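Structure first, then comments.
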Amino acid sequence: MSTAVLDRPADRVETEALVRTLAAGRRRRALLLVLALAGALVAAMAVRVLLGRYTVTIPDFLAILGGATIPGATFVVMEDKLPRAVLGALAGLAFGASGALFRRVLGNPLASPDILGISHGASAGAVAGMAFWGLRGVAIIPAALLGSAVALALVLSASAGRHTGIVGQRFLLGGVAVAALGTAVVTQLIARLPLAGAQEAAVWTVGSLSGASAQRIVWLAVTLALLLPLAVWLHSALRPAELGPELAVGLGSRPVPTRAAALGVGTVLAAAATAVAGPLAFVALLATPIATALGRGRPRIVAAALTGAVIVVVADIVASEALTTVDLPTGVVTGALGAPAMLWILLRSRKVA
């Protein structure tokens, strides 16, 4: 018997040990990244609440949380700064997780709910609720969810095909068309509103945290508590599908129903965030590439969700503090950041291709 044959079991043991070591290292780096992003989110929220035009000391902030009433400070913290910071973090988590799901399902760097028309559908539904039924506040949430569902149905209809290789391209093209249709519908509906309602709808459709309230925060927090764990599981379950449909089925995966479920969960997450904060442009698009770069090429949905939260809170800081006389809608800042970033993604994907 040859020496090579005798050495095979030992080589196999060494290989398995090396694989386990590498996997443990990846998990450790992923955990460190999540902890770092969570720390960055807490720091950004602290800056949003404590600093700015109206500064609040940490002892005063803790006293306010404990129920103390400090003239001026209590109102600013509890009615403006803290609700905006919390709502921005929750909306960013939802957008980031949604973008990660869409990107994994379609395997395209431009796959996100704002590019694919889902956010535009939610906006059209919400503005339709304002224009036809006079809905305001949390009452527009069902209308936004319905609008996003209609948008997803239209995109799925446009992307239906027998050849799986071109469905992703059709999905993107259909999404761009639905996004344009949603924008046209929103513009037409705003023209039907009275002046005050049109101004409110125009600010909301850009994306703003100025309407932050306890009702919106609770509703979005419950939605995330229910759907975020499912989104994490679906994102992990779709990993074998990246190897191809045949190999994925051979590994025990069910890519078709899993992709459908991921699209549904991603749509609801994006619609829920849009319903309470408006269509904050490019947050879902930017979160996954940034998280992937920070994670050295390993896309993680939790990291993408936290990245989205950091983006929204930091954008709200810039929007509310950049100018001394006026507050900008948060979506203006995310849009200004996202436009050049999208061009960078396009150029980068072209180089890779």
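Letters A, B, ... mark the chains of the structure tokens in the order given; residue numbers begin at 1 per chain; ligand numbers begin at 1, in order shown.
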
Using only C-alpha atoms, which residues of segment 57-163 of chain A come within 10 Å of segment 292-299 of chain A, and what is the closest atom pair for each, with the distance in Å to one decimal? Give it as JSON lines, sorted by chain and residue number.
{"residue": "A:Ala100", "atom": "CA", "partner": "A:Pro299", "partner_atom": "CA", "distance": 8.0}
{"residue": "A:Arg103", "atom": "CA", "partner": "A:Pro299", "partner_atom": "CA", "distance": 9.9}
{"residue": "A:Arg104", "atom": "CA", "partner": "A:Pro299", "partner_atom": "CA", "distance": 9.0}

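Within 10 Å of Pro329 of chain A, once only C-alpha atoms are used and residues closer than 5 positions along the same chain are dropped, the contacting residues are A:Val203, A:Trp204, A:Thr205, A:Val206, A:Gly207, A:Ser208, A:Leu209, A:Ser210, A:Gly278, A:Leu280, A:Ala315, A:Asp316, A:Val318, A:Ala319, A:Ser320, A:Thr334.
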
Include N, CA, C and O atoms and write out the residues we just selected as a PDB file, in the first residue's frame.
ATOM      1  N   VAL A 203     -43.524  66.911   0.776  1.00  0.00           N
ATOM      2  CA  VAL A 203     -42.435  66.674   1.734  1.00  0.00           C
ATOM      3  C   VAL A 203     -42.343  65.195   2.067  1.00  0.00           C
ATOM      4  O   VAL A 203     -41.254  64.612   2.130  1.00  0.00           O
ATOM      5  N   TRP A 204     -43.488  64.551   2.259  1.00  0.00           N
ATOM      6  CA  TRP A 204     -43.489  63.129   2.644  1.00  0.00           C
ATOM      7  C   TRP A 204     -42.936  62.264   1.516  1.00  0.00           C
ATOM      8  O   TRP A 204     -42.187  61.309   1.777  1.00  0.00           O
ATOM      9  N   THR A 205     -43.288  62.576   0.264  1.00  0.00           N
ATOM     10  CA  THR A 205     -42.830  61.728  -0.827  1.00  0.00           C
ATOM     11  C   THR A 205     -41.324  61.849  -1.075  1.00  0.00           C
ATOM     12  O   THR A 205     -40.730  60.976  -1.707  1.00  0.00           O
ATOM     13  N   VAL A 206     -40.695  62.910  -0.595  1.00  0.00           N
ATOM     14  CA  VAL A 206     -39.239  63.004  -0.673  1.00  0.00           C
ATOM     15  C   VAL A 206     -38.597  62.094   0.371  1.00  0.00           C
ATOM     16  O   VAL A 206     -37.547  61.505   0.151  1.00  0.00           O
ATOM     17  N   GLY A 207     -39.271  61.970   1.513  1.00  0.00           N
ATOM     18  CA  GLY A 207     -38.740  61.187   2.616  1.00  0.00           C
ATOM     19  C   GLY A 207     -38.369  62.097   3.763  1.00  0.00           C
ATOM     20  O   GLY A 207     -37.428  62.892   3.658  1.00  0.00           O
ATOM     21  N   SER A 208     -39.112  62.019   4.869  1.00  0.00           N
ATOM     22  CA  SER A 208     -38.877  62.918   5.985  1.00  0.00           C
ATOM     23  C   SER A 208     -39.208  62.217   7.293  1.00  0.00           C
ATOM     24  O   SER A 208     -40.123  61.383   7.355  1.00  0.00           O
ATOM     25  N   LEU A 209     -38.469  62.568   8.347  1.00  0.00           N
ATOM     26  CA  LEU A 209     -38.731  62.039   9.683  1.00  0.00           C
ATOM     27  C   LEU A 209     -39.450  63.065  10.559  1.00  0.00           C
ATOM     28  O   LEU A 209     -39.597  62.849  11.758  1.00  0.00           O
ATOM     29  N   SER A 210     -39.904  64.150   9.954  1.00  0.00           N
ATOM     30  CA  SER A 210     -40.542  65.205  10.740  1.00  0.00           C
ATOM     31  C   SER A 210     -41.862  64.761  11.348  1.00  0.00           C
ATOM     32  O   SER A 210     -42.323  65.349  12.322  1.00  0.00           O
ATOM     33  N   GLY A 278     -41.617  57.860   4.500  1.00  0.00           N
ATOM     34  CA  GLY A 278     -41.494  58.252   3.107  1.00  0.00           C
ATOM     35  C   GLY A 278     -40.414  57.449   2.406  1.00  0.00           C
ATOM     36  O   GLY A 278     -39.645  56.715   3.043  1.00  0.00           O
ATOM     37  N   LEU A 280     -37.244  57.111   1.483  1.00  0.00           N
ATOM     38  CA  LEU A 280     -35.887  57.627   1.659  1.00  0.00           C
ATOM     39  C   LEU A 280     -34.990  57.043   0.568  1.00  0.00           C
ATOM     40  O   LEU A 280     -34.632  55.865   0.604  1.00  0.00           O
ATOM     41  N   ALA A 315     -27.896  60.907   7.969  1.00  0.00           N
ATOM     42  CA  ALA A 315     -28.521  61.807   6.988  1.00  0.00           C
ATOM     43  C   ALA A 315     -29.481  62.770   7.667  1.00  0.00           C
ATOM     44  O   ALA A 315     -29.569  63.951   7.284  1.00  0.00           O
ATOM     45  N   ASP A 316     -30.192  62.314   8.688  1.00  0.00           N
ATOM     46  CA  ASP A 316     -31.113  63.198   9.405  1.00  0.00           C
ATOM     47  C   ASP A 316     -30.351  64.259  10.193  1.00  0.00           C
ATOM     48  O   ASP A 316     -30.819  65.388  10.326  1.00  0.00           O
ATOM     49  N   VAL A 318     -27.482  65.579   9.248  1.00  0.00           N
ATOM     50  CA  VAL A 318     -27.074  66.559   8.236  1.00  0.00           C
ATOM     51  C   VAL A 318     -28.271  67.395   7.791  1.00  0.00           C
ATOM     52  O   VAL A 318     -28.169  68.626   7.651  1.00  0.00           O
ATOM     53  N   ALA A 319     -29.408  66.738   7.583  1.00  0.00           N
ATOM     54  CA  ALA A 319     -30.593  67.455   7.098  1.00  0.00           C
ATOM     55  C   ALA A 319     -31.087  68.492   8.096  1.00  0.00           C
ATOM     56  O   ALA A 319     -31.554  69.571   7.701  1.00  0.00           O
ATOM     57  N   SER A 320     -31.000  68.176   9.375  1.00  0.00           N
ATOM     58  CA  SER A 320     -31.548  69.080  10.385  1.00  0.00           C
ATOM     59  C   SER A 320     -30.542  70.109  10.888  1.00  0.00           C
ATOM     60  O   SER A 320     -30.947  71.131  11.457  1.00  0.00           O
ATOM     61  N   THR A 334     -30.197  61.723   1.614  1.00  0.00           N
ATOM     62  CA  THR A 334     -29.915  60.363   1.142  1.00  0.00           C
ATOM     63  C   THR A 334     -29.888  60.314  -0.382  1.00  0.00           C
ATOM     64  O   THR A 334     -29.096  59.584  -0.973  1.00  0.00           O
TER      65      THR A 334
END

Legend entry - Close residues, Leu220 of chain A itself excluded, 9 Å, only C-alpha atoms, min 3 positions apart in chain, as a PyMOL selection string: chain A and resi 87+90-91+94+215-217+223-225+269+272-273+276

Legend entry - Polymer residues at most 7 Å from Thr274 of chain A, only C-alpha atoms, same-chain spacing of 4 or more positions, as a ChimeraX atom specification: /A:119,122,270,278-279

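Taking only C-alpha atoms, the non-local environment of Thr307 of chain A within 7 Å (same-chain residues fewer than 6 positions away omitted) comprises A:Leu37, A:Gly96, A:Ala287, A:Ala291.
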
How would the residues just chosen look if you wrote them out with N, CA, C and O atoms as an mmCIF file, in the first residue's frame?
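again.cif, freshly written:
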data_model
loop_
_atom_site.group_PDB
_atom_site.id
_atom_site.type_symbol
_atom_site.label_atom_id
_atom_site.label_comp_id
_atom_site.auth_asym_id
_atom_site.auth_seq_id
_atom_site.Cartn_x
_atom_site.Cartn_y
_atom_site.Cartn_z
ATOM 1 N N LEU A 37 -21.015 48.182 13.937
ATOM 2 C CA LEU A 37 -22.120 48.940 13.335
ATOM 3 C C LEU A 37 -23.173 49.316 14.388
ATOM 4 O O LEU A 37 -23.731 50.415 14.333
ATOM 5 N N GLY A 96 -32.542 48.631 4.897
ATOM 6 C CA GLY A 96 -31.312 47.870 4.706
ATOM 7 C C GLY A 96 -31.567 46.385 4.540
ATOM 8 O O GLY A 96 -30.997 45.735 3.655
ATOM 9 N N ALA A 287 -27.008 50.315 1.431
ATOM 10 C CA ALA A 287 -26.696 49.593 2.660
ATOM 11 C C ALA A 287 -25.920 48.304 2.388
ATOM 12 O O ALA A 287 -24.901 48.033 3.047
ATOM 13 N N ALA A 291 -22.065 47.450 3.539
ATOM 14 C CA ALA A 291 -21.876 46.365 4.501
ATOM 15 C C ALA A 291 -21.002 45.262 3.921
ATOM 16 O O ALA A 291 -20.177 44.666 4.628
#

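Proximity to Ile317 of chain A was assessed for A:Trp233, A:Thr330, A:Gly117, A:Leu286 counting only C-alpha atoms; the smallest distance is recorded for A:Thr330.
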
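Nearest residue to Pro340 of chain A, choosing from A:Leu146, A:Val127, A:Ala177, A:Leu285 and counting only C-alpha atoms: A:Leu285.
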